[in-house]
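Below is input.txt, which holds compact mmCIF, N, CA and C atoms.
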# COMPACT_ATOMS: atom_id res chain seq x y z
N MET U 182 -18.60 16.59 -2.35
CA MET U 182 -18.02 15.74 -1.32
C MET U 182 -17.79 16.55 -0.05
N ALA U 183 -17.33 17.80 -0.19
CA ALA U 183 -17.07 18.63 0.98
C ALA U 183 -18.35 18.86 1.78
N GLU U 184 -19.47 18.91 1.07
CA GLU U 184 -20.75 19.16 1.73
C GLU U 184 -21.14 18.01 2.66
N PHE U 185 -20.79 16.77 2.27
CA PHE U 185 -21.19 15.60 3.04
C PHE U 185 -20.10 15.13 4.00
N GLY U 186 -18.90 15.60 3.82
CA GLY U 186 -17.82 15.28 4.74
C GLY U 186 -16.96 14.12 4.27
N SER U 187 -15.65 14.29 4.45
CA SER U 187 -14.71 13.24 4.04
C SER U 187 -14.71 12.07 5.02
N HIS U 188 -15.32 12.25 6.18
CA HIS U 188 -15.40 11.15 7.15
C HIS U 188 -16.47 10.13 6.75
N THR U 189 -17.36 10.51 5.81
CA THR U 189 -18.44 9.62 5.39
C THR U 189 -18.17 9.01 4.02
N PHE U 190 -17.64 9.80 3.09
CA PHE U 190 -17.45 9.32 1.73
C PHE U 190 -16.00 9.42 1.31
N VAL U 191 -15.64 8.56 0.37
CA VAL U 191 -14.32 8.58 -0.24
C VAL U 191 -14.51 8.37 -1.74
N VAL U 192 -13.68 9.04 -2.53
CA VAL U 192 -13.74 8.89 -3.98
C VAL U 192 -12.58 8.00 -4.40
N GLU U 193 -12.89 6.93 -5.09
CA GLU U 193 -11.87 6.04 -5.65
C GLU U 193 -12.16 5.90 -7.13
N GLY U 194 -11.29 6.50 -7.93
CA GLY U 194 -11.52 6.51 -9.37
C GLY U 194 -12.76 7.34 -9.67
N GLU U 195 -13.75 6.72 -10.27
CA GLU U 195 -15.00 7.41 -10.57
C GLU U 195 -16.13 6.97 -9.64
N LEU U 196 -15.79 6.28 -8.58
CA LEU U 196 -16.79 5.77 -7.65
C LEU U 196 -16.82 6.61 -6.38
N LEU U 197 -18.02 6.82 -5.87
CA LEU U 197 -18.21 7.45 -4.57
C LEU U 197 -18.61 6.35 -3.61
N MET U 198 -17.79 6.12 -2.60
CA MET U 198 -18.06 5.03 -1.67
C MET U 198 -18.37 5.58 -0.29
N CYS U 199 -19.38 5.00 0.33
CA CYS U 199 -19.72 5.33 1.71
C CYS U 199 -18.79 4.52 2.61
N LYS U 200 -17.99 5.19 3.41
CA LYS U 200 -17.04 4.52 4.29
C LYS U 200 -17.76 3.71 5.37
N ILE U 201 -18.91 4.17 5.76
CA ILE U 201 -19.63 3.53 6.86
C ILE U 201 -20.30 2.25 6.40
N CYS U 202 -20.94 2.29 5.23
CA CYS U 202 -21.69 1.13 4.73
C CYS U 202 -20.86 0.24 3.81
N ASN U 203 -19.70 0.72 3.37
CA ASN U 203 -18.87 -0.01 2.40
C ASN U 203 -19.64 -0.32 1.13
N THR U 204 -20.38 0.66 0.64
CA THR U 204 -21.12 0.50 -0.61
C THR U 204 -20.87 1.70 -1.50
N THR U 205 -21.07 1.50 -2.79
CA THR U 205 -20.97 2.62 -3.72
C THR U 205 -22.30 3.36 -3.72
N VAL U 206 -22.21 4.66 -3.93
CA VAL U 206 -23.39 5.51 -3.96
C VAL U 206 -23.37 6.25 -5.29
N ASP U 207 -24.51 6.26 -5.97
CA ASP U 207 -24.62 6.97 -7.24
C ASP U 207 -24.46 8.46 -6.97
N HIS U 208 -23.49 9.06 -7.62
CA HIS U 208 -23.20 10.47 -7.35
C HIS U 208 -23.70 11.39 -8.45
N ALA U 209 -24.50 10.87 -9.37
CA ALA U 209 -25.00 11.69 -10.47
C ALA U 209 -25.97 12.76 -9.97
N HIS U 210 -26.73 12.45 -8.93
CA HIS U 210 -27.69 13.41 -8.38
C HIS U 210 -27.47 13.55 -6.87
N LYS U 211 -27.52 14.78 -6.41
CA LYS U 211 -27.33 15.07 -4.99
C LYS U 211 -28.39 14.36 -4.14
N GLN U 212 -29.60 14.24 -4.67
CA GLN U 212 -30.69 13.64 -3.91
C GLN U 212 -30.40 12.17 -3.59
N THR U 213 -29.71 11.48 -4.49
CA THR U 213 -29.37 10.07 -4.25
C THR U 213 -28.45 9.95 -3.04
N ILE U 214 -27.51 10.86 -2.93
CA ILE U 214 -26.57 10.84 -1.80
C ILE U 214 -27.33 11.16 -0.50
N THR U 215 -28.20 12.16 -0.57
CA THR U 215 -28.99 12.53 0.60
C THR U 215 -29.89 11.37 1.03
N ASP U 216 -30.50 10.69 0.06
CA ASP U 216 -31.35 9.54 0.37
C ASP U 216 -30.56 8.43 1.05
N HIS U 217 -29.33 8.21 0.57
CA HIS U 217 -28.49 7.18 1.20
C HIS U 217 -28.20 7.54 2.65
N LEU U 218 -27.85 8.81 2.89
CA LEU U 218 -27.52 9.24 4.25
C LEU U 218 -28.72 9.11 5.20
N GLN U 219 -29.94 9.20 4.66
CA GLN U 219 -31.14 9.11 5.48
C GLN U 219 -31.73 7.70 5.52
N SER U 220 -31.08 6.77 4.83
CA SER U 220 -31.61 5.41 4.78
C SER U 220 -31.46 4.70 6.12
N LYS U 221 -32.30 3.70 6.33
CA LYS U 221 -32.28 2.92 7.57
C LYS U 221 -30.95 2.18 7.70
N ARG U 222 -30.47 1.60 6.59
CA ARG U 222 -29.22 0.84 6.62
C ARG U 222 -28.05 1.72 7.04
N HIS U 223 -27.98 2.93 6.47
CA HIS U 223 -26.88 3.84 6.81
C HIS U 223 -26.95 4.23 8.29
N SER U 224 -28.15 4.47 8.79
CA SER U 224 -28.31 4.83 10.21
C SER U 224 -27.86 3.69 11.12
N GLN U 225 -28.23 2.45 10.76
CA GLN U 225 -27.82 1.29 11.55
C GLN U 225 -26.31 1.10 11.51
N GLN U 226 -25.72 1.25 10.33
CA GLN U 226 -24.28 1.08 10.19
C GLN U 226 -23.52 2.18 10.94
N THR U 227 -24.08 3.40 10.95
CA THR U 227 -23.44 4.49 11.68
C THR U 227 -23.42 4.19 13.17
N ALA U 228 -24.54 3.69 13.68
CA ALA U 228 -24.60 3.33 15.10
C ALA U 228 -23.63 2.20 15.43
N LYS U 229 -23.56 1.20 14.55
CA LYS U 229 -22.65 0.08 14.75
C LYS U 229 -21.20 0.55 14.71
N CYS U 230 -20.89 1.43 13.75
CA CYS U 230 -19.54 1.95 13.61
C CYS U 230 -19.14 2.76 14.84
N LYS U 231 -20.06 3.56 15.37
CA LYS U 231 -19.78 4.35 16.57
C LYS U 231 -19.55 3.43 17.77
N ALA U 232 -20.36 2.38 17.89
CA ALA U 232 -20.19 1.44 19.00
C ALA U 232 -18.84 0.72 18.89
N ASP U 233 -18.46 0.33 17.67
CA ASP U 233 -17.18 -0.34 17.48
C ASP U 233 -16.02 0.59 17.82
N THR U 234 -16.13 1.85 17.40
CA THR U 234 -15.08 2.83 17.68
C THR U 234 -14.95 3.05 19.19
N ASP U 235 -16.09 3.14 19.88
CA ASP U 235 -16.06 3.31 21.33
C ASP U 235 -15.44 2.10 22.03
N ALA U 236 -15.61 0.91 21.42
CA ALA U 236 -15.04 -0.31 22.00
C ALA U 236 -13.58 -0.50 21.60
N GLY U 237 -13.06 0.40 20.78
CA GLY U 237 -11.66 0.31 20.38
C GLY U 237 -11.41 -0.55 19.16
N ILE U 238 -12.46 -0.89 18.43
CA ILE U 238 -12.32 -1.72 17.23
C ILE U 238 -12.19 -0.78 16.03
N ALA U 239 -11.12 -0.94 15.28
CA ALA U 239 -10.88 -0.08 14.12
C ALA U 239 -11.85 -0.45 12.99
N PRO U 240 -12.43 0.54 12.33
CA PRO U 240 -13.36 0.24 11.24
C PRO U 240 -12.60 -0.30 10.02
N LYS U 241 -13.22 -1.25 9.33
CA LYS U 241 -12.63 -1.81 8.13
C LYS U 241 -13.30 -1.18 6.93
N ARG U 242 -12.53 -0.94 5.88
CA ARG U 242 -13.08 -0.33 4.69
C ARG U 242 -12.76 -1.18 3.48
N GLN U 243 -13.77 -1.44 2.70
CA GLN U 243 -13.61 -2.22 1.48
C GLN U 243 -12.91 -1.36 0.44
N THR U 244 -11.95 -1.93 -0.27
CA THR U 244 -11.28 -1.18 -1.32
C THR U 244 -11.75 -1.67 -2.68
N THR U 245 -11.58 -0.81 -3.66
CA THR U 245 -11.93 -1.19 -5.03
C THR U 245 -10.73 -1.88 -5.66
N LEU U 246 -10.95 -2.47 -6.81
CA LEU U 246 -9.85 -3.12 -7.51
C LEU U 246 -8.78 -2.10 -7.89
N ALA U 247 -9.21 -0.90 -8.28
CA ALA U 247 -8.24 0.13 -8.64
C ALA U 247 -7.40 0.53 -7.42
N GLY U 248 -8.05 0.67 -6.27
CA GLY U 248 -7.33 1.01 -5.05
C GLY U 248 -6.36 -0.08 -4.64
N CYS U 249 -6.79 -1.31 -4.78
CA CYS U 249 -5.94 -2.46 -4.45
C CYS U 249 -4.73 -2.51 -5.39
N SER U 250 -4.98 -2.26 -6.67
CA SER U 250 -3.90 -2.25 -7.65
C SER U 250 -2.88 -1.17 -7.34
N GLU U 251 -3.36 0.02 -6.93
CA GLU U 251 -2.45 1.10 -6.57
C GLU U 251 -1.57 0.71 -5.39
N CYS U 252 -2.16 0.05 -4.39
CA CYS U 252 -1.39 -0.39 -3.22
C CYS U 252 -0.33 -1.41 -3.61
N GLN U 253 -0.69 -2.34 -4.49
CA GLN U 253 0.26 -3.36 -4.92
C GLN U 253 1.41 -2.73 -5.70
N MET U 254 1.10 -1.75 -6.55
CA MET U 254 2.16 -1.10 -7.34
C MET U 254 3.09 -0.31 -6.43
N ALA U 255 2.54 0.34 -5.41
CA ALA U 255 3.36 1.10 -4.47
C ALA U 255 4.28 0.16 -3.68
N ALA U 256 3.74 -0.98 -3.26
CA ALA U 256 4.54 -1.95 -2.51
C ALA U 256 5.64 -2.54 -3.38
N SER U 257 5.30 -2.83 -4.63
CA SER U 257 6.29 -3.37 -5.56
C SER U 257 7.41 -2.37 -5.80
N SER U 258 7.06 -1.12 -5.96
CA SER U 258 8.06 -0.08 -6.17
C SER U 258 8.96 0.08 -4.95
N ALA U 259 8.35 0.05 -3.76
CA ALA U 259 9.12 0.18 -2.52
C ALA U 259 10.08 -1.00 -2.36
N LYS U 260 9.62 -2.20 -2.74
CA LYS U 260 10.48 -3.37 -2.63
C LYS U 260 11.64 -3.27 -3.60
N GLY U 261 11.37 -2.78 -4.81
CA GLY U 261 12.44 -2.59 -5.79
C GLY U 261 13.47 -1.60 -5.29
N ASP U 262 13.00 -0.50 -4.67
CA ASP U 262 13.92 0.48 -4.11
C ASP U 262 14.75 -0.12 -2.99
N LEU U 263 14.13 -0.97 -2.18
CA LEU U 263 14.84 -1.63 -1.10
C LEU U 263 15.97 -2.51 -1.65
N VAL U 264 15.65 -3.31 -2.64
CA VAL U 264 16.64 -4.23 -3.21
C VAL U 264 17.77 -3.45 -3.85
N ILE U 265 17.44 -2.42 -4.62
CA ILE U 265 18.49 -1.62 -5.27
C ILE U 265 19.36 -0.94 -4.22
N GLY U 266 18.75 -0.38 -3.19
CA GLY U 266 19.52 0.26 -2.12
C GLY U 266 20.43 -0.71 -1.40
N LEU U 267 19.92 -1.92 -1.15
CA LEU U 267 20.72 -2.94 -0.47
C LEU U 267 21.90 -3.37 -1.34
N VAL U 268 21.65 -3.57 -2.61
CA VAL U 268 22.73 -3.98 -3.52
C VAL U 268 23.76 -2.86 -3.65
N GLN U 269 23.31 -1.60 -3.73
CA GLN U 269 24.25 -0.48 -3.78
C GLN U 269 25.11 -0.44 -2.52
N ALA U 270 24.50 -0.69 -1.37
CA ALA U 270 25.26 -0.69 -0.11
C ALA U 270 26.29 -1.81 -0.12
N PHE U 271 25.88 -3.00 -0.58
CA PHE U 271 26.82 -4.12 -0.64
C PHE U 271 27.95 -3.82 -1.62
N MET U 272 27.62 -3.23 -2.78
CA MET U 272 28.64 -2.93 -3.78
C MET U 272 29.63 -1.89 -3.26
N SER U 273 29.12 -0.86 -2.58
CA SER U 273 30.03 0.19 -2.09
C SER U 273 30.92 -0.33 -0.96
N ALA U 274 30.48 -1.36 -0.23
CA ALA U 274 31.28 -1.94 0.85
C ALA U 274 32.09 -3.14 0.37
N ASN U 275 32.04 -3.41 -0.95
CA ASN U 275 32.75 -4.55 -1.54
C ASN U 275 32.34 -5.87 -0.91
N ILE U 276 31.06 -6.02 -0.63
CA ILE U 276 30.53 -7.27 -0.10
C ILE U 276 29.86 -8.00 -1.27
N PRO U 277 30.24 -9.23 -1.55
CA PRO U 277 29.61 -9.97 -2.65
C PRO U 277 28.10 -10.14 -2.40
N THR U 278 27.32 -10.00 -3.46
CA THR U 278 25.86 -10.12 -3.32
C THR U 278 25.45 -11.54 -2.95
N GLU U 279 26.34 -12.51 -3.12
CA GLU U 279 26.02 -13.88 -2.73
C GLU U 279 25.81 -13.98 -1.22
N LYS U 280 26.34 -13.02 -0.48
CA LYS U 280 26.17 -13.01 0.98
C LYS U 280 24.70 -12.83 1.36
N LEU U 281 23.89 -12.33 0.44
CA LEU U 281 22.46 -12.18 0.71
C LEU U 281 21.77 -13.53 0.90
N ASP U 282 22.42 -14.61 0.46
CA ASP U 282 21.86 -15.94 0.65
C ASP U 282 22.15 -16.50 2.05
N ASN U 283 22.93 -15.78 2.85
CA ASN U 283 23.24 -16.22 4.20
C ASN U 283 21.95 -16.28 5.01
N PRO U 284 21.65 -17.43 5.62
CA PRO U 284 20.39 -17.58 6.36
C PRO U 284 20.20 -16.57 7.50
N GLN U 285 21.27 -16.29 8.23
CA GLN U 285 21.14 -15.33 9.33
C GLN U 285 20.86 -13.92 8.81
N LEU U 286 21.52 -13.54 7.72
CA LEU U 286 21.28 -12.22 7.14
C LEU U 286 19.86 -12.12 6.60
N ARG U 287 19.38 -13.17 5.93
CA ARG U 287 18.02 -13.18 5.40
C ARG U 287 17.00 -13.11 6.54
N ASP U 288 17.25 -13.83 7.64
CA ASP U 288 16.36 -13.78 8.80
C ASP U 288 16.33 -12.38 9.40
N PHE U 289 17.51 -11.75 9.49
CA PHE U 289 17.59 -10.39 10.03
C PHE U 289 16.81 -9.41 9.16
N ILE U 290 16.99 -9.50 7.85
CA ILE U 290 16.29 -8.61 6.94
C ILE U 290 14.79 -8.85 7.01
N ALA U 291 14.39 -10.11 7.05
CA ALA U 291 12.96 -10.43 7.12
C ALA U 291 12.33 -9.89 8.40
N ALA U 292 13.08 -9.94 9.50
CA ALA U 292 12.53 -9.50 10.78
C ALA U 292 12.54 -7.98 10.95
N ASN U 293 13.49 -7.30 10.33
CA ASN U 293 13.68 -5.88 10.61
C ASN U 293 13.38 -4.93 9.46
N VAL U 294 13.17 -5.46 8.28
CA VAL U 294 12.90 -4.61 7.12
C VAL U 294 11.54 -4.97 6.55
N LYS U 295 10.63 -4.01 6.55
CA LYS U 295 9.28 -4.26 6.05
C LYS U 295 9.35 -4.59 4.56
N GLY U 296 8.82 -5.75 4.20
CA GLY U 296 8.83 -6.19 2.81
C GLY U 296 10.14 -6.85 2.38
N GLY U 297 11.08 -7.00 3.29
CA GLY U 297 12.38 -7.55 2.93
C GLY U 297 12.47 -9.05 3.05
N GLY U 298 11.41 -9.70 3.51
CA GLY U 298 11.47 -11.14 3.74
C GLY U 298 11.32 -11.98 2.50
N ASN U 299 10.98 -11.37 1.40
CA ASN U 299 10.73 -12.14 0.19
C ASN U 299 11.62 -11.67 -0.95
N MET U 300 12.87 -11.35 -0.63
CA MET U 300 13.78 -10.89 -1.68
C MET U 300 14.20 -12.07 -2.54
N SER U 301 14.32 -11.82 -3.81
CA SER U 301 14.65 -12.87 -4.76
C SER U 301 16.08 -13.36 -4.54
N ARG U 302 16.25 -14.66 -4.63
CA ARG U 302 17.58 -15.25 -4.50
C ARG U 302 18.19 -15.55 -5.87
N GLU U 303 17.44 -15.29 -6.92
CA GLU U 303 17.92 -15.66 -8.25
C GLU U 303 19.10 -14.79 -8.65
N THR U 304 20.12 -15.43 -9.21
CA THR U 304 21.31 -14.72 -9.64
C THR U 304 20.99 -13.74 -10.76
N GLY U 305 20.13 -14.14 -11.67
CA GLY U 305 19.75 -13.26 -12.77
C GLY U 305 19.10 -11.99 -12.28
N CYS U 306 18.26 -12.11 -11.28
CA CYS U 306 17.61 -10.94 -10.70
C CYS U 306 18.64 -10.05 -10.02
N MET U 307 19.57 -10.66 -9.29
CA MET U 307 20.60 -9.88 -8.62
C MET U 307 21.51 -9.19 -9.64
N ASN U 308 21.83 -9.89 -10.75
CA ASN U 308 22.65 -9.27 -11.78
C ASN U 308 21.95 -8.05 -12.38
N THR U 309 20.65 -8.17 -12.63
CA THR U 309 19.87 -7.05 -13.15
C THR U 309 19.86 -5.91 -12.14
N THR U 310 19.71 -6.25 -10.87
CA THR U 310 19.70 -5.24 -9.83
C THR U 310 21.06 -4.58 -9.73
N CYS U 311 22.14 -5.35 -9.86
CA CYS U 311 23.49 -4.78 -9.83
C CYS U 311 23.69 -3.82 -10.99
N GLN U 312 23.19 -4.20 -12.17
CA GLN U 312 23.30 -3.32 -13.33
C GLN U 312 22.52 -2.03 -13.09
N THR U 313 21.31 -2.16 -12.56
CA THR U 313 20.48 -0.99 -12.28
C THR U 313 21.15 -0.10 -11.24
N ALA U 314 21.71 -0.72 -10.20
CA ALA U 314 22.39 0.05 -9.16
C ALA U 314 23.63 0.73 -9.72
N GLY U 315 24.35 0.05 -10.59
CA GLY U 315 25.53 0.64 -11.22
C GLY U 315 25.17 1.82 -12.10
N GLU U 316 24.05 1.69 -12.84
CA GLU U 316 23.59 2.79 -13.68
C GLU U 316 23.18 3.98 -12.83
N ALA U 317 22.55 3.72 -11.69
CA ALA U 317 22.15 4.79 -10.79
C ALA U 317 23.38 5.51 -10.24
N ASP U 318 24.44 4.74 -9.92
CA ASP U 318 25.67 5.36 -9.44
C ASP U 318 26.30 6.25 -10.51
N LYS U 319 26.28 5.78 -11.77
CA LYS U 319 26.83 6.58 -12.88
C LYS U 319 26.04 7.87 -13.05
N GLN U 320 24.71 7.77 -12.96
CA GLN U 320 23.87 8.96 -13.09
C GLN U 320 24.16 9.95 -11.97
N ALA U 321 24.37 9.44 -10.77
CA ALA U 321 24.61 10.30 -9.62
C ALA U 321 25.97 11.00 -9.72
N SER U 322 26.94 10.34 -10.33
CA SER U 322 28.28 10.90 -10.41
C SER U 322 28.40 11.93 -11.53
N ARG U 323 27.43 12.02 -12.42
CA ARG U 323 27.50 12.99 -13.53
C ARG U 323 27.20 14.36 -13.10
Write out the structure in this file as structure tokens.
Amino acid sequence: MAEFGSHTFVVEGELLMCKICNTTVDHAHKQTITDHLQSKRHSQQTAKCKADTDAGIAPKRQTTLAGCSECQMAASSAKGDLVIGLVQAFMSANIPTEKLDNPQLRDFIAANVKGGGNMSRETGCMNTTCQTAGEADKQASR
């Protein structure tokens, strides 16, 4: 990969993908990669990509299912951390978690916190989050 440059190829799982053409390239033989780089399609896509970059258009890259799954898991984890942190803040300030149902507070969170616009309103979910936040506080105090 270092030989061909990270600006051209990306490895996702066991796949070698050409960033310019948005296609997978067989990486079993070096000649296959070289043939792809010299292909007419790759040359045309490189020219198109350069023209788009010069025009200020950001290149789009196709992701694999594995890459998409990783992004979703990271977002889900970040959202969970957000909810736990928010509940811990409310608990330490003695603010009832029911206040999270306040429309103005929900609008503020949705507008100013990335991923905060779709927080669960279910009491069961909040109770679980409160328990998790309480356990985290106990762990921190030990």
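Among the candidates U:Val206, U:Val294, U:Ala236, U:Leu286, the residue lying nearest to Lys260 of chain U is U:Val294 (atoms considered: only C-alpha atoms).
Atom CA of Gly237 of chain U lies 22.4 Å from atom CA of Val191 of chain U.
Atom CA of Ala256 of chain U lies 17.2 Å from atom CA of Ala292 of chain U.
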